[in-house]
Amino acid sequence: MKMETVDFYFFSGTGNTLLVVKKMQETFQENGIPVNLHKIEESNPEDVNLEHTIGLGFPIAELSTYNFVWKFIRALPVTDTATEVFMVDTLGGFSGGIVGPVHEIVKKKGYKPIGAKEIVMPPNIFYIQDEETCHEKVQKGLIKAEEYTLNLINDESKWGRVPVLSDALYYTSIASLKITESNLNQKLLRLETDNEECRRCGICVRLCPVDNITLEEGKPPEHGFNCEYCLRCTSLCPRGAIPCPCNYKGKTYRAVKAKEFLK
Ligand SMILES: Cc1cc2nc3c(=O)[nH]c(=O)nc-3n(C[C@H](O)[C@H](O)[C@H](O)COP(=O)(O)O)c2cc1C
């Protein structure tokens, strides 16, 4: 393979994907391949350099991924130079077969898909495990990330497609189950800041990847109706002032500190 430089586009809500992407960057670089990291939420797909190998990294959410991640992948430019592309997703346990539709999208655009990997990491929603279990899972996940990167470098990786789901079939079946998509659920599951706890620091505004939180002088933060439920704000608010959807007030999960994501 001709991998010379990797442009790695990724999104991470609470840090799992970031840790995997950074491990992959480290492994590529140890093997003489420079890697530029780009946050999907701050990137324009039109700026993608088709001379470089493209990496895509994102978490699984509701057997799919976040809408703005799909939007980015769908808006990748067409290539006539068989630009290499690989993907990695992180998940709590079951992804619903997202590698199939992503393969179909990039293939149709002329890319050469060279590898796809799904890496189990600690779940970051509802069923939050104890610190030791999370730590072990992260360590195992990072070993998988390193192995996968070496496979990519040595041309031994695959873009497996089991279960085989076409983009259209995926969208009319699995992805249509996304509960957060409807307007009604955006209202029912709307996140709210606990005004007693909140100190108006504005960190939630700077964390939100889709600018769904606003803060006006003298007022509590206002959550809009375009939440993607990545849980960055709930997990990284320094006061724990933003409960999860359904007002769930149990443990939250974070793999990194807020500064990694501040705009
Ligand atoms: C709203 C939401 C939905 C999720 N849905 C799934 C799912 O369908 N399957 C799964 O295995 N994990 C699911 N997860 C867990 C995450 O995919 C997993 O913890 C991931 O590693 C988080 O990555 P991040 O820390 O980079 O955001 C979900 C998490 C969230 C917040």
# chains A, B, ... in the order shown; residues from 1 in each chain; ligands from 1

$ residues_near_ligand --ligand "ligand 1" --cutoff "9 Å" --atoms "only C-alpha atoms and all ligand atoms" --output "VMD selection string"
chain A and resid 10 to 20 57 to 66 89 to 96 119 to 126 180 228 to 232 245 253 to 256

$ write_last_selection --atoms "N, CA and C atoms" --output "compact mmCIF listing (two decimals), in the first residue's frame"
# COMPACT_ATOMS: atom_id res chain seq x y z
N PHE A 10 -12.15 12.40 12.87
CA PHE A 10 -12.81 11.62 13.93
C PHE A 10 -13.76 12.48 14.74
N PHE A 11 -14.72 11.80 15.36
CA PHE A 11 -15.53 12.43 16.39
C PHE A 11 -15.50 11.54 17.61
N SER A 12 -15.46 12.16 18.78
CA SER A 12 -15.54 11.42 20.03
C SER A 12 -16.39 12.22 21.00
N GLY A 13 -17.42 11.60 21.56
CA GLY A 13 -18.27 12.31 22.52
C GLY A 13 -17.62 12.39 23.88
N THR A 14 -17.22 11.23 24.42
CA THR A 14 -16.73 11.22 25.80
C THR A 14 -15.29 10.70 25.93
N GLY A 15 -14.61 10.50 24.82
CA GLY A 15 -13.18 10.22 24.88
C GLY A 15 -12.73 8.85 24.42
N ASN A 16 -13.62 7.85 24.37
CA ASN A 16 -13.18 6.51 23.95
C ASN A 16 -12.57 6.54 22.54
N THR A 17 -13.30 7.14 21.63
CA THR A 17 -12.81 7.17 20.24
C THR A 17 -11.52 7.99 20.16
N LEU A 18 -11.46 9.07 20.94
CA LEU A 18 -10.24 9.89 20.93
C LEU A 18 -9.04 9.05 21.37
N LEU A 19 -9.21 8.23 22.42
CA LEU A 19 -8.08 7.40 22.89
C LEU A 19 -7.65 6.42 21.81
N VAL A 20 -8.63 5.80 21.13
CA VAL A 20 -8.31 4.85 20.07
C VAL A 20 -7.59 5.55 18.91
N GLY A 57 -13.04 7.94 12.15
CA GLY A 57 -13.23 7.35 13.48
C GLY A 57 -14.44 7.97 14.16
N PHE A 58 -15.30 7.13 14.74
CA PHE A 58 -16.51 7.66 15.37
C PHE A 58 -17.10 6.62 16.33
N PRO A 59 -17.95 7.06 17.26
CA PRO A 59 -18.62 6.11 18.16
C PRO A 59 -19.92 5.60 17.53
N ILE A 60 -20.36 4.44 18.00
CA ILE A 60 -21.69 3.94 17.64
C ILE A 60 -22.71 4.61 18.56
N ALA A 61 -23.82 5.03 17.98
CA ALA A 61 -24.92 5.57 18.78
C ALA A 61 -26.22 5.06 18.19
N GLU A 62 -27.00 4.39 19.01
CA GLU A 62 -28.30 3.84 18.58
C GLU A 62 -28.15 2.98 17.33
N LEU A 63 -27.22 2.06 17.37
CA LEU A 63 -26.93 1.14 16.25
C LEU A 63 -26.60 1.89 14.96
N SER A 64 -26.10 3.07 15.10
CA SER A 64 -25.76 3.92 13.96
C SER A 64 -24.63 4.83 14.44
N THR A 65 -24.53 6.01 13.87
CA THR A 65 -23.66 7.01 14.49
C THR A 65 -24.36 8.34 14.40
N TYR A 66 -23.70 9.41 14.85
CA TYR A 66 -24.36 10.70 14.91
C TYR A 66 -24.59 11.27 13.51
N ASP A 89 -14.65 2.24 14.49
CA ASP A 89 -15.67 2.77 15.40
C ASP A 89 -15.47 2.16 16.76
N THR A 90 -15.93 2.88 17.80
CA THR A 90 -15.91 2.32 19.16
C THR A 90 -17.35 2.14 19.61
N LEU A 91 -17.55 1.13 20.45
CA LEU A 91 -18.92 0.76 20.81
C LEU A 91 -18.93 0.06 22.16
N GLY A 92 -20.15 0.01 22.74
CA GLY A 92 -20.29 -0.70 24.00
C GLY A 92 -20.46 -2.19 23.79
N GLY A 93 -21.03 -2.61 22.66
CA GLY A 93 -21.26 -4.05 22.46
C GLY A 93 -21.78 -4.45 21.10
N PHE A 94 -22.72 -3.69 20.52
CA PHE A 94 -23.29 -4.10 19.24
C PHE A 94 -23.53 -2.89 18.35
N SER A 95 -22.97 -2.95 17.13
CA SER A 95 -23.00 -1.76 16.27
C SER A 95 -24.12 -1.77 15.25
N GLY A 96 -24.71 -2.93 14.99
CA GLY A 96 -25.77 -2.98 13.98
C GLY A 96 -25.26 -3.09 12.56
N ILE A 119 -14.18 -1.49 17.73
CA ILE A 119 -13.43 -1.73 18.97
C ILE A 119 -14.34 -1.49 20.19
N VAL A 120 -14.52 -2.56 20.98
CA VAL A 120 -15.36 -2.44 22.18
C VAL A 120 -14.62 -1.63 23.24
N MET A 121 -15.31 -0.64 23.75
CA MET A 121 -14.79 0.21 24.83
C MET A 121 -15.88 0.30 25.90
N PRO A 122 -15.63 0.93 27.03
CA PRO A 122 -16.69 1.00 28.04
C PRO A 122 -17.91 1.74 27.51
N PRO A 123 -19.12 1.24 27.85
CA PRO A 123 -20.32 1.98 27.47
C PRO A 123 -20.35 3.33 28.18
N ASN A 124 -20.76 4.37 27.47
CA ASN A 124 -20.76 5.71 28.09
C ASN A 124 -22.18 6.17 28.41
N ILE A 125 -23.15 5.24 28.32
CA ILE A 125 -24.53 5.65 28.61
C ILE A 125 -25.21 4.60 29.49
N PHE A 126 -25.99 5.07 30.44
CA PHE A 126 -26.80 4.27 31.36
C PHE A 126 -26.01 3.22 32.15
N THR A 180 -33.84 9.20 18.97
CA THR A 180 -33.60 10.63 19.23
C THR A 180 -33.91 11.49 18.00
N GLU A 228 -27.56 15.74 19.67
CA GLU A 228 -27.20 14.45 19.06
C GLU A 228 -26.99 13.39 20.16
N TYR A 229 -27.10 13.79 21.43
CA TYR A 229 -26.97 12.87 22.57
C TYR A 229 -25.61 12.19 22.60
N CYS A 230 -24.56 12.96 22.31
CA CYS A 230 -23.21 12.39 22.39
C CYS A 230 -22.75 12.34 23.85
N LEU A 231 -23.47 13.06 24.71
CA LEU A 231 -23.26 13.06 26.16
C LEU A 231 -21.99 13.76 26.64
N ARG A 232 -21.39 14.53 25.74
CA ARG A 232 -20.21 15.28 26.16
C ARG A 232 -20.53 16.25 27.29
N PRO A 245 -30.21 12.00 29.31
CA PRO A 245 -31.61 11.95 28.87
C PRO A 245 -32.47 11.20 29.89
N TYR A 253 -19.84 8.76 32.39
CA TYR A 253 -18.55 8.20 31.98
C TYR A 253 -17.75 9.22 31.19
N ARG A 254 -16.47 9.29 31.46
CA ARG A 254 -15.59 10.09 30.61
C ARG A 254 -14.23 9.41 30.56
N ALA A 255 -13.63 9.39 29.37
CA ALA A 255 -12.33 8.75 29.24
C ALA A 255 -11.20 9.77 29.23
N VAL A 256 -11.56 11.04 29.04
CA VAL A 256 -10.54 12.11 28.98
C VAL A 256 -11.09 13.35 29.69

$ select_by_dssp --residues "range 183-227 of chain A" --states "strand (DSSP E or B)" --output "JSON list (two decimals) with N, CA and C atoms, in the first residue's frame"
[["chain", "number", "residue", "atom", "x", "y", "z"],
["A", 213, "ILE", "N", -26.20, 24.40, 22.60],
["A", 213, "ILE", "CA", -26.36, 25.02, 23.93],
["A", 213, "ILE", "C", -25.96, 26.49, 23.83],
["A", 214, "THR", "N", -26.80, 27.34, 24.37],
["A", 214, "THR", "CA", -26.48, 28.77, 24.36],
["A", 214, "THR", "C", -26.52, 29.30, 25.80],
["A", 222, "GLU", "N", -29.26, 27.32, 27.86],
["A", 222, "GLU", "CA", -30.48, 26.89, 27.17],
["A", 222, "GLU", "C", -30.12, 25.77, 26.19],
["A", 223, "HIS", "N", -30.81, 24.62, 26.30],
["A", 223, "HIS", "CA", -30.56, 23.50, 25.37],
["A", 223, "HIS", "C", -31.59, 23.57, 24.25]]

$ select_by_dssp --residues "range 5-106 of chain A" --states "helix (DSSP H, G or I)" --output "MDAnalysis selection string"
chainID A and resid 16:30 40:42 45:47 67:74 99:106

$ write_last_selection --atoms "C-alpha atoms" --output "PDB file, in the first residue's frame"
ATOM      1  CA  ASN A  16     -13.185   6.509  23.951  1.00  0.00           C
ATOM      2  CA  THR A  17     -12.811   7.167  20.243  1.00  0.00           C
ATOM      3  CA  LEU A  18     -10.238   9.888  20.934  1.00  0.00           C
ATOM      4  CA  LEU A  19      -8.082   7.402  22.893  1.00  0.00           C
ATOM      5  CA  VAL A  20      -8.312   4.845  20.067  1.00  0.00           C
ATOM      6  CA  VAL A  21      -7.523   7.451  17.403  1.00  0.00           C
ATOM      7  CA  LYS A  22      -4.527   8.741  19.403  1.00  0.00           C
ATOM      8  CA  LYS A  23      -3.213   5.193  19.878  1.00  0.00           C
ATOM      9  CA  MET A  24      -3.506   4.637  16.140  1.00  0.00           C
ATOM     10  CA  GLN A  25      -1.749   7.950  15.447  1.00  0.00           C
ATOM     11  CA  GLU A  26       1.091   6.950  17.791  1.00  0.00           C
ATOM     12  CA  THR A  27       1.465   3.537  16.108  1.00  0.00           C
ATOM     13  CA  PHE A  28       1.445   4.994  12.591  1.00  0.00           C
ATOM     14  CA  GLN A  29       4.024   7.585  13.606  1.00  0.00           C
ATOM     15  CA  GLU A  30       6.279   5.003  15.265  1.00  0.00           C
ATOM     16  CA  ILE A  40     -15.139  16.043  12.224  1.00  0.00           C
ATOM     17  CA  GLU A  41     -17.262  18.724  13.877  1.00  0.00           C
ATOM     18  CA  GLU A  42     -14.703  21.360  12.865  1.00  0.00           C
ATOM     19  CA  PRO A  45     -15.266  17.526   3.774  1.00  0.00           C
ATOM     20  CA  GLU A  46     -14.457  19.639   0.722  1.00  0.00           C
ATOM     21  CA  ASP A  47     -11.004  20.304   2.209  1.00  0.00           C
ATOM     22  CA  ASN A  67     -26.059  12.568  12.074  1.00  0.00           C
ATOM     23  CA  PHE A  68     -23.255  15.063  11.596  1.00  0.00           C
ATOM     24  CA  VAL A  69     -20.799  12.154  11.226  1.00  0.00           C
ATOM     25  CA  TRP A  70     -22.999  10.617   8.503  1.00  0.00           C
ATOM     26  CA  LYS A  71     -23.276  14.033   6.901  1.00  0.00           C
ATOM     27  CA  PHE A  72     -19.486  14.327   6.784  1.00  0.00           C
ATOM     28  CA  ILE A  73     -18.999  10.835   5.319  1.00  0.00           C
ATOM     29  CA  ARG A  74     -21.715  11.390   2.699  1.00  0.00           C
ATOM     30  CA  VAL A  99     -19.334  -0.975   8.322  1.00  0.00           C
ATOM     31  CA  GLY A 100     -21.492  -2.142   5.369  1.00  0.00           C
ATOM     32  CA  PRO A 101     -23.182   1.162   4.544  1.00  0.00           C
ATOM     33  CA  VAL A 102     -20.003   3.186   5.156  1.00  0.00           C
ATOM     34  CA  HIS A 103     -18.178   0.853   2.743  1.00  0.00           C
ATOM     35  CA  GLU A 104     -20.884   1.394   0.142  1.00  0.00           C
ATOM     36  CA  ILE A 105     -20.704   5.182   0.419  1.00  0.00           C
ATOM     37  CA  VAL A 106     -16.928   5.463   0.088  1.00  0.00           C
TER      38      VAL A 106
END

$ atom_distance --atom1 "CA of Tyr9 in chain A" --atom2 "CA of Tyr111 in chain A"
15.2 Å

$ atom_distance --atom1 "CA of Glu4 in chain A" --atom2 "CA of Gly141 in chain A"
25.2 Å

$ closest_residue --among "A:Ser166, A:Asn151, A:Thr81, A:Thr234" --to "Glu192 in chain A" --atoms "only C-alpha atoms"
A:Thr234

$ atom_distance --atom1 "CA of Ser235 in chain A" --atom2 "CA of Lys117 in chain A"
25.6 Å

$ residues_around --residues "Arg200 in chain A" --least-positions-apart "2" --cutoff "8 Å" --atoms "only C-alpha atoms" --output "list in words"
Cys198, Gly202, Leu215, Pro220 and Pro221 of chain A

$ write_last_selection --atoms "N, CA, C and O atoms" --output "short mmCIF file (atom, residue, chain, number, x, y, z; two decimals), in the first residue's frame"
data_model
loop_
_atom_site.label_atom_id
_atom_site.label_comp_id
_atom_site.auth_asym_id
_atom_site.auth_seq_id
_atom_site.Cartn_x
_atom_site.Cartn_y
_atom_site.Cartn_z
N CYS A 198 -25.41 24.72 38.41
CA CYS A 198 -24.67 25.41 37.33
C CYS A 198 -24.03 26.70 37.83
O CYS A 198 -24.65 27.47 38.57
N GLY A 202 -19.89 28.16 31.15
CA GLY A 202 -19.95 28.14 29.69
C GLY A 202 -19.21 26.98 29.05
O GLY A 202 -19.12 26.89 27.82
N LEU A 215 -25.76 30.34 26.02
CA LEU A 215 -25.70 30.92 27.37
C LEU A 215 -25.75 32.43 27.25
O LEU A 215 -24.87 33.04 26.64
N PRO A 220 -29.59 30.88 32.78
CA PRO A 220 -29.02 29.53 32.75
C PRO A 220 -28.81 29.07 31.30
O PRO A 220 -29.45 29.60 30.40
N PRO A 221 -27.93 28.07 31.07
CA PRO A 221 -27.74 27.57 29.70
C PRO A 221 -29.04 27.04 29.12
O PRO A 221 -29.82 26.42 29.83
#

$ closest_residue --among "A:Pro243, A:Gly218, A:Pro238, A:Gly32" --to "Thr5 in chain A" --atoms "only C-alpha atoms"
A:Gly32

$ residues_around --residues "Ile203 in chain A" --least-positions-apart "6" --cutoff "9 Å" --atoms "only C-alpha atoms" --output "list in words"
Cys233, Leu236, Cys237, Pro238, Ala258 and Leu262 of chain A

$ closest_residue --among "A:Asp7, A:Asp167, A:Glu156, A:Glu131" --to "Ile114 in chain A" --atoms "only C-alpha atoms"
A:Glu156

$ residues_around --residues "Leu189 in chain A" --least-positions-apart "4" --cutoff "12 Å" --atoms "only C-alpha atoms" --output "PyMOL selection string"
chain A and resi 179-185+223-229+243-248

$ closest_residue --among "A:Cys208, A:Met87, A:Ala145, A:Leu76" --to "Ser43 in chain A" --atoms "only C-alpha atoms"
A:Leu76
